[in-house]
$ cat input-v2.cif   # mmCIF, C-alpha atoms and all ligand atoms
data_work
#
loop_
_atom_site.label_atom_id
_atom_site.label_comp_id
_atom_site.auth_asym_id
_atom_site.auth_seq_id
_atom_site.Cartn_x
_atom_site.Cartn_y
_atom_site.Cartn_z
CA MET A 1 29.53 4.66 77.84
CA PRO A 2 29.34 3.77 74.11
CA ASP A 3 26.10 4.20 72.19
CA VAL A 4 26.46 0.65 70.91
CA VAL A 5 28.29 -2.50 71.96
CA VAL A 6 28.71 -5.06 69.19
CA ILE A 7 29.20 -8.68 70.29
CA GLY A 8 31.42 -10.36 67.68
CA SER A 9 34.36 -9.11 65.66
CA GLY A 10 33.63 -11.17 62.56
CA VAL A 11 32.92 -9.42 59.29
CA VAL A 12 29.26 -8.86 60.22
CA GLY A 13 30.04 -7.29 63.60
CA ALA A 14 32.78 -5.24 61.94
CA ALA A 15 30.37 -3.89 59.31
CA CYS A 16 27.81 -3.08 62.02
CA ALA A 17 30.50 -1.16 63.92
CA TYR A 18 31.60 0.65 60.76
CA TYR A 19 28.15 1.83 59.65
CA ALA A 20 27.05 2.65 63.21
CA ALA A 21 30.13 4.87 63.53
CA ARG A 22 29.37 6.47 60.17
CA ALA A 23 25.91 7.25 61.50
CA GLY A 24 27.57 9.18 64.34
CA LEU A 25 27.34 6.54 67.07
CA THR A 26 30.17 5.58 69.41
CA VAL A 27 30.91 1.85 69.36
CA THR A 28 32.69 -0.83 71.39
CA VAL A 29 33.33 -4.23 69.80
CA VAL A 30 33.74 -7.17 72.14
CA ASP A 31 34.90 -10.68 71.22
CA ARG A 32 35.93 -13.68 73.28
CA GLY A 33 38.66 -14.48 70.76
CA PRO A 34 40.78 -12.44 68.34
CA VAL A 35 39.36 -10.25 65.57
CA ALA A 36 37.83 -12.47 62.85
CA GLY A 37 38.65 -15.64 64.79
CA GLY A 38 35.21 -17.18 64.14
CA THR A 39 33.67 -18.26 60.84
CA THR A 40 35.00 -15.13 59.12
CA GLY A 41 38.49 -16.59 59.47
CA ALA A 42 37.30 -19.75 57.71
CA GLY A 43 35.47 -18.29 54.71
CA GLU A 44 36.55 -17.79 51.11
CA GLY A 45 35.63 -14.15 50.69
CA ASN A 46 33.23 -14.24 47.79
CA ILE A 47 30.73 -11.44 47.36
CA LEU A 48 28.05 -13.12 45.28
CA VAL A 49 24.84 -12.11 43.64
CA SER A 50 25.03 -15.05 41.24
CA ASP A 51 23.99 -17.80 43.66
CA LYS A 52 20.77 -16.19 44.89
CA GLY A 53 17.32 -16.52 43.37
CA PRO A 54 14.91 -13.57 43.29
CA GLY A 55 13.79 -12.54 46.75
CA ALA A 56 14.79 -10.63 49.86
CA GLU A 57 18.30 -12.11 50.06
CA LEU A 58 19.10 -11.18 46.46
CA ASP A 59 17.96 -7.59 47.12
CA LEU A 60 20.27 -7.51 50.15
CA ALA A 61 23.10 -9.04 48.11
CA THR A 62 22.86 -6.55 45.23
CA LEU A 63 22.88 -3.67 47.71
CA SER A 64 25.82 -5.21 49.54
CA ALA A 65 27.82 -5.83 46.35
CA ARG A 66 27.38 -2.13 45.54
CA LEU A 67 28.42 -1.09 49.07
CA TRP A 68 31.56 -3.27 48.86
CA ARG A 69 32.40 -1.60 45.54
CA ASP A 70 31.89 1.87 47.03
CA LEU A 71 33.93 0.99 50.11
CA ALA A 72 36.72 -0.44 47.94
CA ALA A 73 37.12 2.90 46.17
CA GLU A 74 37.35 4.94 49.38
CA VAL A 75 40.64 6.22 50.78
CA ALA A 76 39.99 6.79 54.47
CA GLY A 77 41.41 6.57 57.96
CA GLY A 78 44.84 7.96 57.07
CA ALA A 79 45.48 5.17 54.54
CA GLU A 80 47.55 5.91 51.46
CA ARG A 81 45.81 3.26 49.42
CA PRO A 82 42.11 2.69 48.71
CA PHE A 83 40.26 0.42 51.12
CA GLY A 84 39.92 -2.12 48.30
CA ASP A 85 43.71 -2.59 48.15
CA LEU A 86 43.91 -3.05 51.91
CA VAL A 87 41.33 -5.85 51.89
CA GLU A 88 42.35 -7.46 48.56
CA TYR A 89 39.07 -6.51 46.92
CA GLU A 90 38.89 -7.94 43.41
CA PRO A 91 35.90 -7.17 41.19
CA LYS A 92 36.72 -10.31 39.25
CA GLY A 93 33.20 -11.52 38.39
CA GLY A 94 31.82 -15.01 38.66
CA LEU A 95 31.51 -17.72 36.04
CA VAL A 96 28.94 -20.43 36.68
CA VAL A 97 29.29 -23.45 34.41
CA ALA A 98 26.87 -26.24 33.54
CA GLU A 99 27.92 -29.82 32.82
CA THR A 100 24.84 -30.83 30.81
CA PRO A 101 22.25 -29.12 28.57
CA GLY A 102 19.58 -29.79 31.23
CA ILE A 103 21.61 -28.06 33.94
CA LEU A 104 22.38 -25.19 31.53
CA ASN A 105 18.68 -24.77 30.91
CA ALA A 106 18.02 -24.39 34.66
CA LEU A 107 20.99 -22.02 35.01
CA THR A 108 19.91 -19.71 32.18
CA GLY A 109 16.34 -19.77 33.57
CA LEU A 110 17.69 -18.57 36.92
CA ALA A 111 19.73 -15.87 35.16
CA ASP A 112 16.59 -14.65 33.36
CA ARG A 113 14.79 -14.29 36.69
CA GLN A 114 17.79 -12.59 38.35
CA ARG A 115 18.09 -9.99 35.56
CA VAL A 116 14.65 -8.63 36.46
CA HIS A 117 16.10 -7.85 39.92
CA GLY A 118 19.12 -5.85 38.78
CA VAL A 119 21.62 -8.65 38.26
CA THR A 120 23.84 -8.53 35.19
CA ALA A 121 24.09 -12.07 33.80
CA VAL A 122 25.68 -12.83 30.44
CA ALA A 123 25.05 -16.21 28.82
CA VAL A 124 28.30 -17.85 27.68
CA PRO A 125 28.08 -20.50 24.93
CA PRO A 126 30.39 -23.51 25.36
CA GLU A 127 32.78 -22.40 22.62
CA ASP A 128 33.38 -19.10 24.48
CA LEU A 129 34.06 -20.53 27.95
CA ARG A 130 37.82 -20.70 27.39
CA ALA A 131 37.91 -17.01 26.50
CA TYR A 132 36.85 -16.44 30.11
CA GLU A 133 38.86 -19.28 31.67
CA PRO A 134 41.62 -20.65 29.43
CA HIS A 135 42.28 -23.69 31.66
CA LEU A 136 38.69 -24.86 32.03
CA ALA A 137 37.95 -28.51 31.19
CA GLY A 138 36.36 -29.30 27.83
CA GLY A 139 32.92 -30.79 27.33
CA LEU A 140 30.94 -28.28 29.40
CA ALA A 141 27.50 -27.30 28.10
CA GLY A 142 27.95 -23.55 28.69
CA GLY A 143 27.73 -21.04 31.48
CA VAL A 144 26.70 -17.61 32.74
CA HIS A 145 29.07 -14.75 33.54
CA TYR A 146 28.16 -12.51 36.50
CA PRO A 147 30.31 -9.33 36.44
CA GLN A 148 28.94 -8.06 39.80
CA ASP A 149 30.50 -10.94 41.76
CA ALA A 150 33.68 -9.96 43.61
CA GLN A 151 36.09 -11.14 46.27
CA VAL A 152 37.76 -9.84 49.45
CA GLN A 153 40.11 -11.26 52.04
CA PRO A 154 37.57 -11.61 54.87
CA MET A 155 39.89 -11.29 57.87
CA LEU A 156 41.51 -8.15 56.48
CA ALA A 157 38.06 -6.79 55.69
CA ALA A 158 36.85 -7.31 59.27
CA ALA A 159 40.02 -5.85 60.80
CA HIS A 160 40.04 -2.74 58.58
CA LEU A 161 36.31 -2.08 59.01
CA ILE A 162 36.75 -2.14 62.78
CA ARG A 163 39.83 0.08 62.55
CA LEU A 164 38.00 2.60 60.37
CA SER A 165 35.00 2.58 62.72
CA GLY A 166 37.22 3.93 65.49
CA ALA A 167 35.51 1.45 67.81
CA ARG A 168 37.08 0.49 71.09
CA THR A 169 37.92 -3.20 70.65
CA ARG A 170 37.88 -5.61 73.59
CA THR A 171 39.20 -8.99 72.44
CA GLY A 172 39.61 -11.97 74.75
CA ALA A 173 36.46 -10.91 76.61
CA GLU A 174 33.67 -13.48 76.55
CA VAL A 175 30.14 -12.14 76.92
CA THR A 176 28.53 -14.10 79.73
CA GLY A 177 25.28 -12.21 80.13
CA LEU A 178 23.28 -9.10 79.26
CA LEU A 179 22.77 -6.11 81.56
CA ARG A 180 19.07 -5.29 81.99
CA GLY A 181 17.42 -2.05 82.99
CA ALA A 182 13.89 -0.78 83.52
CA GLY A 183 11.25 -2.86 81.72
CA GLY A 184 13.83 -5.52 80.90
CA ARG A 185 15.63 -3.22 78.46
CA VAL A 186 19.11 -4.46 77.48
CA THR A 187 21.58 -1.86 78.72
CA GLY A 188 24.93 -3.50 77.99
CA VAL A 189 26.85 -6.74 78.28
CA ARG A 190 28.43 -8.66 81.11
CA THR A 191 31.83 -10.07 80.19
CA ALA A 192 34.38 -12.24 81.90
CA ARG A 193 36.48 -9.06 82.16
CA GLY A 194 33.83 -6.66 83.47
CA ASP A 195 30.54 -5.09 82.48
CA ILE A 196 30.18 -2.82 79.45
CA PRO A 197 27.09 -0.60 79.72
CA ALA A 198 25.81 0.69 76.35
CA GLY A 199 22.81 2.35 74.77
CA ALA A 200 22.18 -0.66 72.52
CA VAL A 201 23.60 -4.16 72.05
CA VAL A 202 24.13 -5.82 68.67
CA ASN A 203 24.31 -9.61 68.69
CA ALA A 204 26.76 -10.38 65.86
CA ALA A 205 28.02 -13.60 67.43
CA GLY A 206 27.66 -15.61 64.22
CA THR A 207 27.00 -19.31 64.73
CA TRP A 208 26.92 -18.70 68.50
CA ALA A 209 24.27 -15.94 68.33
CA GLY A 210 21.63 -18.27 69.81
CA GLU A 211 23.66 -18.39 73.03
CA ILE A 212 23.58 -14.59 73.29
CA ALA A 213 19.82 -14.53 72.65
CA ALA A 214 19.39 -17.15 75.37
CA PHE A 215 20.92 -14.71 77.88
CA ALA A 216 17.73 -12.67 77.31
CA GLY A 217 15.55 -15.77 77.53
CA LEU A 218 14.99 -15.70 73.75
CA THR A 219 15.15 -18.46 71.16
CA LEU A 220 17.12 -17.72 68.00
CA PRO A 221 17.55 -20.82 65.82
CA VAL A 222 21.07 -20.25 64.44
CA LEU A 223 22.90 -23.53 63.84
CA PRO A 224 26.26 -24.62 62.36
CA ARG A 225 26.70 -25.93 58.81
CA ARG A 226 30.26 -27.17 58.40
CA GLY A 227 32.35 -26.41 55.35
CA PHE A 228 35.90 -27.40 54.34
CA ILE A 229 38.29 -25.47 52.12
CA LEU A 230 41.46 -26.69 50.42
CA VAL A 231 44.29 -24.18 49.89
CA THR A 232 46.89 -24.85 47.20
CA GLU A 233 50.48 -23.72 46.96
CA PRO A 234 50.84 -20.31 45.26
CA VAL A 235 50.75 -20.62 41.46
CA PRO A 236 51.01 -18.12 38.60
CA PRO A 237 47.56 -16.77 37.64
CA LEU A 238 45.53 -19.79 36.55
CA ILE A 239 41.94 -18.92 37.37
CA ARG A 240 40.56 -15.48 36.56
CA HIS A 241 37.04 -15.54 38.00
CA LYS A 242 35.25 -17.17 40.83
CA VAL A 243 34.25 -20.35 39.00
CA TYR A 244 31.68 -22.80 40.21
CA THR A 245 29.35 -25.44 38.89
CA ALA A 246 25.61 -24.84 38.76
CA ALA A 247 25.16 -27.62 41.34
CA TYR A 248 26.49 -25.16 43.96
CA VAL A 249 23.35 -23.02 43.69
CA ALA A 250 21.17 -26.01 44.57
CA GLY A 251 23.54 -26.94 47.43
CA VAL A 252 23.32 -23.48 48.97
CA ALA A 253 19.52 -23.52 49.01
CA SER A 254 19.20 -27.16 50.06
CA ASP A 255 17.71 -28.31 53.38
CA ASP A 256 19.56 -31.63 53.27
CA ALA A 257 21.47 -32.34 56.49
CA GLY A 258 23.80 -34.80 54.75
CA LEU A 259 27.06 -34.07 52.97
CA GLU A 260 26.83 -31.93 49.83
CA THR A 261 29.80 -30.90 47.75
CA SER A 262 30.12 -28.91 44.54
CA ALA A 263 33.15 -27.43 42.81
CA VAL A 264 33.90 -23.81 43.76
CA VAL A 265 37.32 -22.56 42.71
CA GLU A 266 39.05 -19.20 42.80
CA GLY A 267 42.53 -17.74 42.85
CA THR A 268 43.67 -15.17 45.41
CA LYS A 269 46.04 -12.21 45.28
CA ALA A 270 48.57 -14.30 47.20
CA GLY A 271 48.60 -16.84 44.35
CA THR A 272 46.97 -19.64 46.31
CA VAL A 273 43.86 -21.27 44.89
CA LEU A 274 40.90 -21.82 47.24
CA ILE A 275 38.84 -24.93 46.60
CA GLY A 276 35.41 -25.57 48.16
CA ALA A 277 32.68 -26.14 48.92
CA SER A 278 31.24 -28.73 51.25
CA ARG A 279 28.15 -28.43 53.43
CA GLU A 280 27.02 -30.74 56.19
CA ARG A 281 25.24 -30.50 59.49
CA VAL A 282 27.45 -32.25 62.02
CA GLY A 283 27.35 -29.76 64.88
CA PHE A 284 30.67 -28.16 65.85
CA ASP A 285 32.75 -31.21 64.90
CA ARG A 286 36.18 -30.07 63.62
CA THR A 287 37.47 -33.56 62.77
CA VAL A 288 39.21 -33.48 59.40
CA SER A 289 37.25 -35.59 56.92
CA LEU A 290 39.50 -37.08 54.25
CA PRO A 291 36.56 -38.32 52.13
CA VAL A 292 35.20 -34.75 51.97
CA LEU A 293 38.62 -33.32 51.07
CA ALA A 294 39.13 -36.00 48.40
CA ARG A 295 35.76 -35.19 46.88
CA LEU A 296 36.51 -31.45 46.78
CA ALA A 297 39.88 -32.10 45.12
CA ALA A 298 38.35 -34.46 42.54
CA GLN A 299 35.60 -32.00 41.64
CA ALA A 300 38.06 -29.12 41.30
CA THR A 301 40.46 -31.07 39.06
CA ALA A 302 37.50 -32.19 36.91
CA LEU A 303 36.78 -28.50 36.34
CA PHE A 304 40.41 -27.38 36.01
CA PRO A 305 42.58 -30.39 35.00
CA ARG A 306 45.75 -28.29 35.51
CA LEU A 307 45.07 -28.36 39.26
CA ALA A 308 46.00 -32.05 39.32
CA ASP A 309 49.67 -30.91 39.24
CA VAL A 310 49.26 -28.34 42.02
CA ARG A 311 49.88 -29.28 45.64
CA VAL A 312 47.44 -28.59 48.46
CA ILE A 313 49.30 -26.94 51.37
CA ARG A 314 46.57 -26.77 53.95
CA THR A 315 42.92 -27.20 54.70
CA TYR A 316 40.55 -25.59 57.17
CA CYS A 317 36.93 -25.79 58.15
CA GLY A 318 34.35 -23.43 59.57
CA PHE A 319 30.74 -23.37 60.67
CA ARG A 320 28.30 -21.36 58.59
CA PRO A 321 25.61 -19.82 60.81
CA TYR A 322 22.31 -20.94 59.27
CA CYS A 323 18.67 -20.36 60.10
CA PRO A 324 15.91 -22.80 59.09
CA ASP A 325 14.60 -20.38 56.43
CA HIS A 326 18.12 -19.63 55.10
CA LEU A 327 17.70 -15.89 55.71
CA PRO A 328 19.88 -13.84 58.06
CA VAL A 329 18.44 -12.31 61.22
CA ILE A 330 18.83 -8.53 61.11
CA GLY A 331 17.15 -5.87 63.20
CA ALA A 332 15.64 -4.96 66.55
CA ASP A 333 14.33 -7.76 68.72
CA ARG A 334 10.91 -6.40 69.62
CA ARG A 335 10.73 -8.93 72.44
CA THR A 336 13.62 -7.21 74.25
CA PRO A 337 14.18 -3.46 73.78
CA GLY A 338 17.80 -2.46 73.33
CA LEU A 339 18.79 -5.76 71.70
CA PHE A 340 19.52 -6.01 67.96
CA HIS A 341 20.56 -9.10 66.00
CA ALA A 342 22.90 -9.33 63.01
CA CYS A 343 23.56 -13.02 62.52
CA GLY A 344 22.59 -16.20 60.67
CA HIS A 345 24.11 -15.28 57.28
CA GLU A 346 25.05 -18.88 56.49
CA GLY A 347 27.45 -19.02 53.52
CA ALA A 348 26.98 -15.39 52.53
CA GLY A 349 28.00 -13.33 55.57
CA ILE A 350 31.02 -11.79 53.92
CA GLY A 351 29.04 -10.71 50.91
CA LEU A 352 26.07 -9.49 52.95
CA ALA A 353 28.03 -7.72 55.72
CA PRO A 354 27.88 -4.08 54.52
CA ALA A 355 24.13 -4.17 53.79
CA THR A 356 23.61 -5.76 57.22
CA GLY A 357 25.67 -2.99 58.83
CA ARG A 358 23.58 -0.37 57.05
CA LEU A 359 20.32 -2.00 58.20
CA ILE A 360 21.52 -2.21 61.80
CA ALA A 361 22.76 1.39 61.85
CA ALA A 362 19.39 2.54 60.47
CA ALA A 363 17.47 0.44 63.01
CA ILE A 364 19.45 1.80 65.97
CA GLY A 365 19.41 5.39 64.74
CA GLY A 366 15.80 5.36 63.59
CA ALA A 367 16.81 6.18 60.00
CA GLU A 368 15.23 5.04 56.74
CA PRO A 369 16.39 1.44 56.01
CA PRO A 370 18.21 0.92 52.69
CA VAL A 371 16.06 -2.14 51.82
CA ASP A 372 12.84 -3.57 53.24
CA PRO A 373 13.96 -5.00 56.60
CA ALA A 374 10.78 -7.04 57.20
CA PRO A 375 11.96 -10.43 55.84
CA PHE A 376 15.02 -10.38 58.12
CA LEU A 377 13.42 -9.28 61.39
CA PRO A 378 13.92 -11.59 64.40
CA GLY A 379 10.19 -11.46 65.14
CA ARG A 380 9.65 -14.18 62.54
CA PHE A 381 10.85 -16.72 65.12
CA ALA A 382 8.65 -15.39 67.92
CA ALA A 383 6.08 -18.17 67.57
C1 LIG A 401 34.06 -22.94 54.29
C2 LIG A 401 33.31 -21.64 54.29
C3 LIG A 401 33.37 -20.82 53.18
C4 LIG A 401 32.66 -19.62 53.16
N1 LIG A 401 32.76 -18.81 52.08
C5 LIG A 401 32.07 -17.65 52.05
C6 LIG A 401 32.17 -16.79 50.94
O1 LIG A 401 32.91 -17.04 50.00
N2 LIG A 401 31.42 -15.65 50.94
C7 LIG A 401 30.59 -15.32 51.98
O2 LIG A 401 29.92 -14.29 51.92
N3 LIG A 401 30.51 -16.12 53.07
C8 LIG A 401 31.22 -17.27 53.12
N4 LIG A 401 31.13 -18.08 54.19
C9 LIG A 401 30.24 -17.69 55.28
C10 LIG A 401 30.86 -16.59 56.10
O3 LIG A 401 32.16 -16.96 56.47
C11 LIG A 401 29.97 -16.31 57.33
O4 LIG A 401 28.63 -16.09 56.94
C12 LIG A 401 30.48 -15.06 58.04
O5 LIG A 401 31.87 -15.15 58.28
C13 LIG A 401 29.75 -14.87 59.35
O6 LIG A 401 30.33 -13.74 59.97
P1 LIG A 401 29.89 -13.32 61.41
O7 LIG A 401 30.60 -12.05 61.70
O8 LIG A 401 28.40 -13.35 61.49
O9 LIG A 401 30.36 -14.52 62.36
P2 LIG A 401 31.82 -14.86 62.92
O10 LIG A 401 32.88 -14.51 61.96
O11 LIG A 401 31.75 -16.27 63.39
O12 LIG A 401 31.97 -13.88 64.14
C14 LIG A 401 31.27 -14.09 65.35
C15 LIG A 401 32.19 -13.71 66.47
O13 LIG A 401 31.45 -13.75 67.69
C16 LIG A 401 32.33 -14.14 68.70
N5 LIG A 401 31.57 -14.65 69.81
C17 LIG A 401 30.72 -15.69 69.84
N6 LIG A 401 30.20 -15.85 71.08
C18 LIG A 401 30.74 -14.87 71.85
C19 LIG A 401 30.60 -14.52 73.21
N7 LIG A 401 29.79 -15.20 74.05
N8 LIG A 401 31.32 -13.49 73.69
C20 LIG A 401 32.14 -12.77 72.87
N9 LIG A 401 32.30 -13.07 71.55
C21 LIG A 401 31.60 -14.11 71.05
C22 LIG A 401 33.21 -15.20 68.05
O14 LIG A 401 34.43 -15.36 68.75
C23 LIG A 401 33.37 -14.67 66.64
O15 LIG A 401 34.57 -13.96 66.47
C24 LIG A 401 31.86 -19.26 54.27
C25 LIG A 401 31.84 -20.07 55.39
C26 LIG A 401 32.56 -21.25 55.42
C27 LIG A 401 32.53 -22.10 56.64
#
$ encode --input "input-v2.cif" --output "C-alpha cells" --more "lines below"
Ligand SMILES: Cc1cc2nc3c(=O)[nH]c(=O)nc-3n(C[C@H](O)[C@H](O)[C@H](O)COP(=O)(O)OP(=O)(O)OC[C@H]3O[C@@H](n4cnc5c(N)ncnc54)[C@H](O)[C@@H]3O)c2cc1C
Amino acid sequence: MPDVVVIGSGVVGAACAYYAARAGLTVTVVDRGPVAGGTTGAGEGNILVSDKGPGAELDLATLSARLWRDLAAEVAGGAERPFGDLVEYEPKGGLVVAETPGILNALTGLADRQRVHGVTAVAVPPEDLRAYEPHLAGGLAGGVHYPQDAQVQPMLAAAHLIRLSGARTRTGAEVTGLLRGAGGRVTGVRTARGDIPAGAVVNAAGTWAGEIAAFAGLTLPVLPRRGFILVTEPVPPLIRHKVYTAAYVAGVASDDAGLETSAVVEGTKAGTVLIGASRERVGFDRTVSLPVLARLAAQATALFPRLADVRVIRTYCGFRPYCPDHLPVIGADRRTPGLFHACGHEGAGIGLAPATGRLIAAAIGGAEPPVDPAPFLPGRFAA
C-alpha cells in the first residue's frame, strides 16, 4: 500500500508526487487519461512572478520560481543531462510592455510594490525596448523587465517529475469514489479498475477537483476558465523573452465572466511561437471560436509586426481551474482526515507546481511548510 495516492497526473499532481517521494513517502499516481492529458497539456509553460501583485500568491510564485531553477540544475534519475534540458527550461525572463503613459504608470507602480516582496523588476524606457526585443512594434510607452520569469514545456515537466518520483503510475483509471475508514477517514481511492488503498489521498484533479471533493460530500468551488492558444510554424529565433502587454495583468485578476484577451507571446525551443491569451467562462465548451483566435492573432501582430508573415499551424484550448478568490487550494481538508487538495491554480499551475508539491509534502509528513499555508487552505470554503 502506498503512503500517498495522487489523483491527477497534471503538473500539479506530478510535483506533489515528486516532493512527497523526496520526503521519503511511497506514491501512486492515478489518472483517468494519459499523463498531462488535462489542462497541463493545454498550457503555455510560463513560470511567472511578473503578473502577480503583492500577497500570498506572489510569495508562492517566488518560491516556486526558485524551486524550478533549482530543479532545472539537477542531474538525477540516471539522466545524462540536467533536468532543465529534459523539460526545456528556459530562464528567459519576461518583458511587460505598456501602450500608453497611463498604463506604464500603473505597470511601474506594480513593479515598485513587487520589488518589496523579492521580485527583480527593471524599468525599460521606450528607446531601450528594442535592445530587449529587436522585432517589437514602435510607439510603445515603455516596459518592465522581469529576469525571474522562465519557461518550461509543461507536459515534459509533468512526465519527468513523475518519472523521478518513482511513483507507480496508473493511467486510464478513473477515480469513481473514495475509500473511507474509521471516523470517515479517507483511506484510498476507488477506481474503475480496482481500489487503491493508501495512507493519504491528494486531490490534484485540476478543473475536475470539485468532483473528487464531492465524493467525500464536500464542496470545492473549482470552475473552468477557457483559454485558446495559437501555435505558429517554427521560425528562426524572433522573440527572446516572454512578452506581454500590461493589460494581461488586469485580465488575470479580473472577475469578468465575459471574453478577455491580451497579447502574450513567446518563442519555444522547437521554434514555434505560442500566442495567447484569452479568458472566458463558458463551462467545458471546446468549440473553436474564430473571433477569439482572430483577436489573439491581431493583438500579437500589433506587438510583433513580423508575425503577420508567419503561419499559424494549429490551435488548442484548455480549461484553467479557478476558484472565486483566484487562489489555489492547497493543504489538508480538516473536514475529512486523510484528504489533501492541490488544485485551483487557474492560469498559474505550471509556475506554482513545485511550491504546491512542497506544501503538500510538508502537510502530509508534518514538516515545516516552506511558506505560510493559511491563505491556501481548503477550510476557507467551509462556510
Ligand atoms: C490556454 C492556457 C494557457 C496556460 N498557460 C499557463 C502558463 O503559461 N503558465 C502557468 O503556470 N499556467 C498556465 N496555464 C494554467 C495551467 O495549465 C494549469 O493551472 C495547470 O496545468 C493545472 O494543472 P493540474 O495538474 O492542476 O491540472 P490538470 O493538468 O488538468 O491535471 C488534472 C488531471 O486530473 C485528471 N482527473 C480528473 N478527474 C479525474 C478522475 N475522476 N479520476 C482520475 N483522474 C482524474 C485529469 O485527467 C487530469 O490529467 C494555462 C492554461 C491554459 C488553459
$ closest_residue --input "input-v2.cif" --among "A:Lys242, A:Arg180, A:Arg335, A:Arg380" --to "ligand LIG 401 (chain A)" --atoms "only C-alpha atoms and all ligand atoms"
A:Lys242
$ closest_residue --input "input-v2.cif" --among "A:Gly93, A:Pro221, A:Pro197, A:Pro154" --to "ligand LIG 401 (chain A)" --atoms "all atoms listed in the file"
A:Pro154
$ residues_around --input "input-v2.cif" --residues "Gln153 in chain A" --least-positions-apart "6" --cutoff "7 Å" --atoms "only C-alpha atoms" --output "ChimeraX atom specification"
/A:45,87-88
$ residues_near_point --input "input-v2.cif" --point "(36.7, -11.9, 57.5)" --cutoff "7 Å" --atoms "all atoms listed in the file" --output "VMD selection string"
chain A and resid 10 to 11 36 40 to 41 153 to 158 350
$ residues_around --input "input-v2.cif" --residues "Gly206 in chain A" --least-positions-apart "5" --cutoff "12 Å" --atoms "all atoms listed in the file" --output "ChimeraX atom specification"
/A:6-14,31,36-41,211-213,220-225,318-323,328-330,341-350,353
$ closest_residue --input "input-v2.cif" --among "A:Ala56, A:Leu307, A:Leu48, A:Ala20" --to "Pro373 in chain A" --atoms "all atoms listed in the file"
A:Ala56
$ atom_distance --input "input-v2.cif" --atom1 "CA of Val5 in chain A" --atom2 "atom O7 of ligand LIG 401 (chain A)"
14.2 Å
$ residues_around --input "input-v2.cif" --residues "Ser278 in chain A" --least-positions-apart "2" --cutoff "8 Å" --atoms "all atoms listed in the file" --output "JSON, numbers by chain"
{"A": [226, 227, 228, 229, 259, 260, 261, 262, 276, 280, 292, 296]}
$ closest_residue --input "input-v2.cif" --among "A:Pro370, A:Gly183, A:Pro324, A:Gly172" --to "ligand LIG 401 (chain A)" --atoms "only C-alpha atoms and all ligand atoms"
A:Gly172
